[in-house]
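*Asks:* My questions all concern the structure below.
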Amino acid sequence: MISAISPVGKLYYRVQQEAFNSLAIIGFLIHLLRVIRGPVLVIWDGAMIHRSKEIKAFLADGAAKRLQLERLPGYAPDLNPDEGIWAYLKYVELRNFCARDLDHLGGALDEAIKRVRRRPRIVKGCFAGAGMV
């Protein structure tokens, strides 16, 4: 799963069965550019996949006109507001949930995300928790 949140309380995500590679991340970034008007600032961790040659080529091919990528320092989950969403989903929405299989987990995750999307104050609170408000 990959996700992104906005300071106004929006939550965007994509789920897939296989691990995310550079092309899947580029697909998610393209999705963000389609659904968000104007410039898009993505603040993410320093994972190697975020610095791949494919991501750099994607930016060089024109995405950088609207998309700005900023990397968080080293290991700093406390500075990443999206980590707050993951924690909320894991420890509040899906606490005590035991999935039978990946499909069951995916369905429960979709429902949990729908509940969070109806409460944008939770997403906004993740920005406050990361000291970004």
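Chain lettering (A, B, ...) mirrors the order of the structure tokens, residue numbering begins at 1 for each chain separately, and ligand numbering begins at 1 in order of display.
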Within 8 Å of segment 31-52 of chain A, which residues of segment 5-26 of chain A come that close, and what is the closest atom pair and distance in Å for each? Count only C-alpha atoms and give it as a tab-separated table.
*Replies:*
residue	atom	partner	partner_atom	distance
A:Tyr12	CA	A:Leu32	CA	7.8
A:Asn21	CA	A:Ile49	CA	6.9
A:Ser22	CA	A:Ile49	CA	6.1
*Asks:* Restrict the selected residues to N, CA and C atoms and save them as a short mmCIF file (atom, residue, chain, number, x, y, z; two decimals), in the first residue's frame.
*Replies:*
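Saved to part30.cif:
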data_model
loop_
_atom_site.label_atom_id
_atom_site.label_comp_id
_atom_site.auth_asym_id
_atom_site.auth_seq_id
_atom_site.Cartn_x
_atom_site.Cartn_y
_atom_site.Cartn_z
N TYR A 12 -5.27 9.90 0.08
CA TYR A 12 -5.16 9.19 -1.21
C TYR A 12 -4.39 7.91 -0.96
N ASN A 21 7.30 -0.97 -6.80
CA ASN A 21 8.57 -0.66 -7.44
C ASN A 21 8.48 0.78 -7.95
N SER A 22 9.51 1.24 -8.60
CA SER A 22 9.54 2.62 -9.09
C SER A 22 8.38 2.94 -10.02
#
*Asks:* Against segment 120-126 of chain A, which residues of segment 36-109 of chain A fall within 9 Å? For each one I want the closest pair of atoms and the distance in Å (one decimal), counting only C-alpha atoms, rows by chain and increasing residue number, as a Markdown table.
*Replies:*
| residue | atom | partner | partner_atom | distance |
| --- | --- | --- | --- | --- |
| A:Asn80 | CA | A:Cys126 | CA | 8.4 |
| A:Pro81 | CA | A:Cys126 | CA | 4.9 |
| A:Asp82 | CA | A:Cys126 | CA | 7.0 |
| A:Glu83 | CA | A:Cys126 | CA | 7.9 |
| A:Gly84 | CA | A:Cys126 | CA | 5.2 |
| A:Ile85 | CA | A:Cys126 | CA | 6.7 |
| A:Tyr88 | CA | A:Ile122 | CA | 8.5 |
*Asks:* Take the residues from that selection and write them out as a PDB file, in the first residue's frame, keeping N, CA and C atoms.
*Replies:*
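Contents of again07.pdb, freshly written:
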ATOM      1  N   ASN A  80       6.989  12.624   9.694  1.00  0.00           N
ATOM      2  CA  ASN A  80       6.196  12.268   8.527  1.00  0.00           C
ATOM      3  C   ASN A  80       4.725  12.134   8.927  1.00  0.00           C
ATOM      4  N   PRO A  81       3.872  13.098   8.531  1.00  0.00           N
ATOM      5  CA  PRO A  81       2.468  13.025   8.942  1.00  0.00           C
ATOM      6  C   PRO A  81       1.742  11.787   8.416  1.00  0.00           C
ATOM      7  N   ASP A  82       2.171  11.233   7.297  1.00  0.00           N
ATOM      8  CA  ASP A  82       1.530  10.032   6.763  1.00  0.00           C
ATOM      9  C   ASP A  82       1.727   8.839   7.690  1.00  0.00           C
ATOM     10  N   GLU A  83       2.809   8.836   8.462  1.00  0.00           N
ATOM     11  CA  GLU A  83       3.021   7.759   9.438  1.00  0.00           C
ATOM     12  C   GLU A  83       1.918   7.766  10.496  1.00  0.00           C
ATOM     13  N   GLY A  84       1.389   8.963  10.782  1.00  0.00           N
ATOM     14  CA  GLY A  84       0.285   9.062  11.730  1.00  0.00           C
ATOM     15  C   GLY A  84      -0.962   8.360  11.238  1.00  0.00           C
ATOM     16  N   ILE A  85      -1.203   8.447   9.937  1.00  0.00           N
ATOM     17  CA  ILE A  85      -2.353   7.740   9.351  1.00  0.00           C
ATOM     18  C   ILE A  85      -2.166   6.236   9.486  1.00  0.00           C
ATOM     19  N   TYR A  88      -2.792   5.265  13.004  1.00  0.00           N
ATOM     20  CA  TYR A  88      -4.223   5.332  13.313  1.00  0.00           C
ATOM     21  C   TYR A  88      -4.951   4.123  12.714  1.00  0.00           C
TER      22      TYR A  88
END
*Asks:* Tell me, as a VMD selection string, which residues lie within 12 Å of Asp110 of chain A, counting only C-alpha atoms; anything in the same chain fewer than 6 positions away does not count.
*Replies:* chain A and resid 1 11 to 15 89 93 to 94 103 to 104 116 to 117
*Asks:* Using backbone DSSP assignments, extract all alpha helix (DSSP H) residues from chain A; output them as a VMD selection string.
*Replies:* chain A and resid 22 to 35 53 to 60 81 to 88 102 to 117 120 to 129
*Asks:* Which of these, A:Cys98, A:Ile30, A:Met132, A:Val92, has the shortest distance to Ile113 of chain A once you count only C-alpha atoms?
*Replies:*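 Closest candidate: A:Val92.
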*Asks:* Extract, using only C-alpha atoms, all DNA, RNA and protein residues at most 10 Å from Leu59 of chain A, discarding same-chain residues fewer than 6 positions from it, and format them as a PyMOL selection string.
*Replies:* chain A and resi 26+53+65-69
*Asks:* Selected residues, N, CA and C atoms, written as a compact mmCIF listing (two decimals), in the first residue's frame, please.
*Replies:*
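Just written: selection24.txt:
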# COMPACT_ATOMS: atom_id res chain seq x y z
N ILE A 26 5.58 5.79 -9.54
CA ILE A 26 5.33 6.80 -10.57
C ILE A 26 3.84 6.81 -10.93
N LYS A 53 16.48 5.88 -10.53
CA LYS A 53 16.69 6.54 -11.82
C LYS A 53 15.36 6.73 -12.55
N LYS A 65 7.44 20.07 -13.31
CA LYS A 65 6.75 21.34 -13.51
C LYS A 65 5.69 21.55 -12.42
N ARG A 66 5.04 20.46 -12.00
CA ARG A 66 4.01 20.56 -10.96
C ARG A 66 4.35 19.81 -9.70
N LEU A 67 5.30 18.91 -9.77
CA LEU A 67 5.59 18.01 -8.66
C LEU A 67 6.94 18.33 -8.05
N GLN A 68 6.93 18.60 -6.76
CA GLN A 68 8.18 18.84 -6.03
C GLN A 68 8.31 17.74 -4.98
N LEU A 69 9.43 17.07 -4.98
CA LEU A 69 9.70 16.01 -4.02
C LEU A 69 10.73 16.48 -3.02
*Asks:* Write down as a list in words the residues of chain A whose backbone DSSP state falls under strand (DSSP E or B).
*Replies:*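 Here is the list: Ile2, Ser3, Ala4, Ile5, Leu11, Tyr12, Tyr13, Arg14, Val40, Leu41, Val42, Ile43, Trp44, Leu67, Gln68, Leu69, Glu70 and Arg71 of chain A.
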*Asks:* Store the residues of this selection in a file with N, CA and C atoms, as a CSV table (one decimal), in the first residue's frame.
*Replies:*
chain,number,residue,atom,x,y,z
A,2,ILE,N,0.4,2.3,-0.7
A,2,ILE,CA,1.1,3.6,-0.7
A,2,ILE,C,0.0,4.6,-0.4
A,3,SER,N,0.3,5.6,0.3
A,3,SER,CA,-0.7,6.6,0.6
A,3,SER,C,0.0,8.0,0.6
A,4,ALA,N,-0.9,9.0,0.6
A,4,ALA,CA,-0.5,10.4,0.7
A,4,ALA,C,-1.7,11.1,1.4
A,5,ILE,N,-1.3,12.1,2.1
A,5,ILE,CA,-2.4,12.9,2.8
A,5,ILE,C,-2.1,14.4,2.5
A,11,LEU,N,-7.1,12.1,1.9
A,11,LEU,CA,-6.3,10.9,2.0
A,11,LEU,C,-6.4,10.1,0.7
A,12,TYR,N,-5.3,9.9,0.1
A,12,TYR,CA,-5.2,9.2,-1.2
A,12,TYR,C,-4.4,7.9,-1.0
A,13,TYR,N,-4.8,6.8,-1.7
A,13,TYR,CA,-4.0,5.6,-1.4
A,13,TYR,C,-4.2,4.7,-2.6
A,14,ARG,N,-3.3,3.7,-2.7
A,14,ARG,CA,-3.4,2.6,-3.7
A,14,ARG,C,-2.9,1.4,-3.0
A,40,VAL,N,2.1,20.2,-6.6
A,40,VAL,CA,2.0,19.2,-5.6
A,40,VAL,C,3.4,19.0,-4.9
A,41,LEU,N,3.4,19.1,-3.6
A,41,LEU,CA,4.6,18.9,-2.8
A,41,LEU,C,4.5,17.5,-2.1
A,42,VAL,N,5.4,16.7,-2.4
A,42,VAL,CA,5.4,15.4,-1.7
A,42,VAL,C,6.6,15.3,-0.8
A,43,ILE,N,6.4,15.1,0.5
A,43,ILE,CA,7.4,15.0,1.4
A,43,ILE,C,7.5,13.5,1.8
A,44,TRP,N,8.6,12.9,1.5
A,44,TRP,CA,8.7,11.4,1.8
A,44,TRP,C,10.0,11.1,2.4
A,67,LEU,N,5.3,18.9,-9.8
A,67,LEU,CA,5.6,18.0,-8.7
A,67,LEU,C,6.9,18.3,-8.0
A,68,GLN,N,6.9,18.6,-6.8
A,68,GLN,CA,8.2,18.8,-6.0
A,68,GLN,C,8.3,17.7,-5.0
A,69,LEU,N,9.4,17.1,-5.0
A,69,LEU,CA,9.7,16.0,-4.0
A,69,LEU,C,10.7,16.5,-3.0
A,70,GLU,N,10.4,16.3,-1.7
A,70,GLU,CA,11.3,16.7,-0.7
A,70,GLU,C,11.5,15.5,0.2
A,71,ARG,N,12.7,15.2,0.6
A,71,ARG,CA,13.1,14.1,1.4
A,71,ARG,C,13.2,14.5,2.9
*Asks:* Do a neighbour search on Ala130 of chain A at 6 Å with only C-alpha atoms, toss out local chain neighbours closer than 3 positions, and write the hits as a list in words.
*Replies:*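 That gives Asp78, Leu79, Pro81 and Phe127 of chain A.
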*Asks:* Tell me which of A:Glu54, A:Asp61, A:Asp101, A:Glu111 sits closest to Leu23 of chain A, counting only C-alpha atoms.
*Replies:*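 Ranked by minimum distance to Leu23 of chain A, first place goes to A:Glu54.
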*Asks:* At what distance in Å, to one decimal, does atom CA of Phe58 of chain A lie from atom CA of Gly27 of chain A?
*Replies:*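 Atom CA of Gly27 of chain A sits 10.3 Å away from atom CA of Phe58 of chain A.
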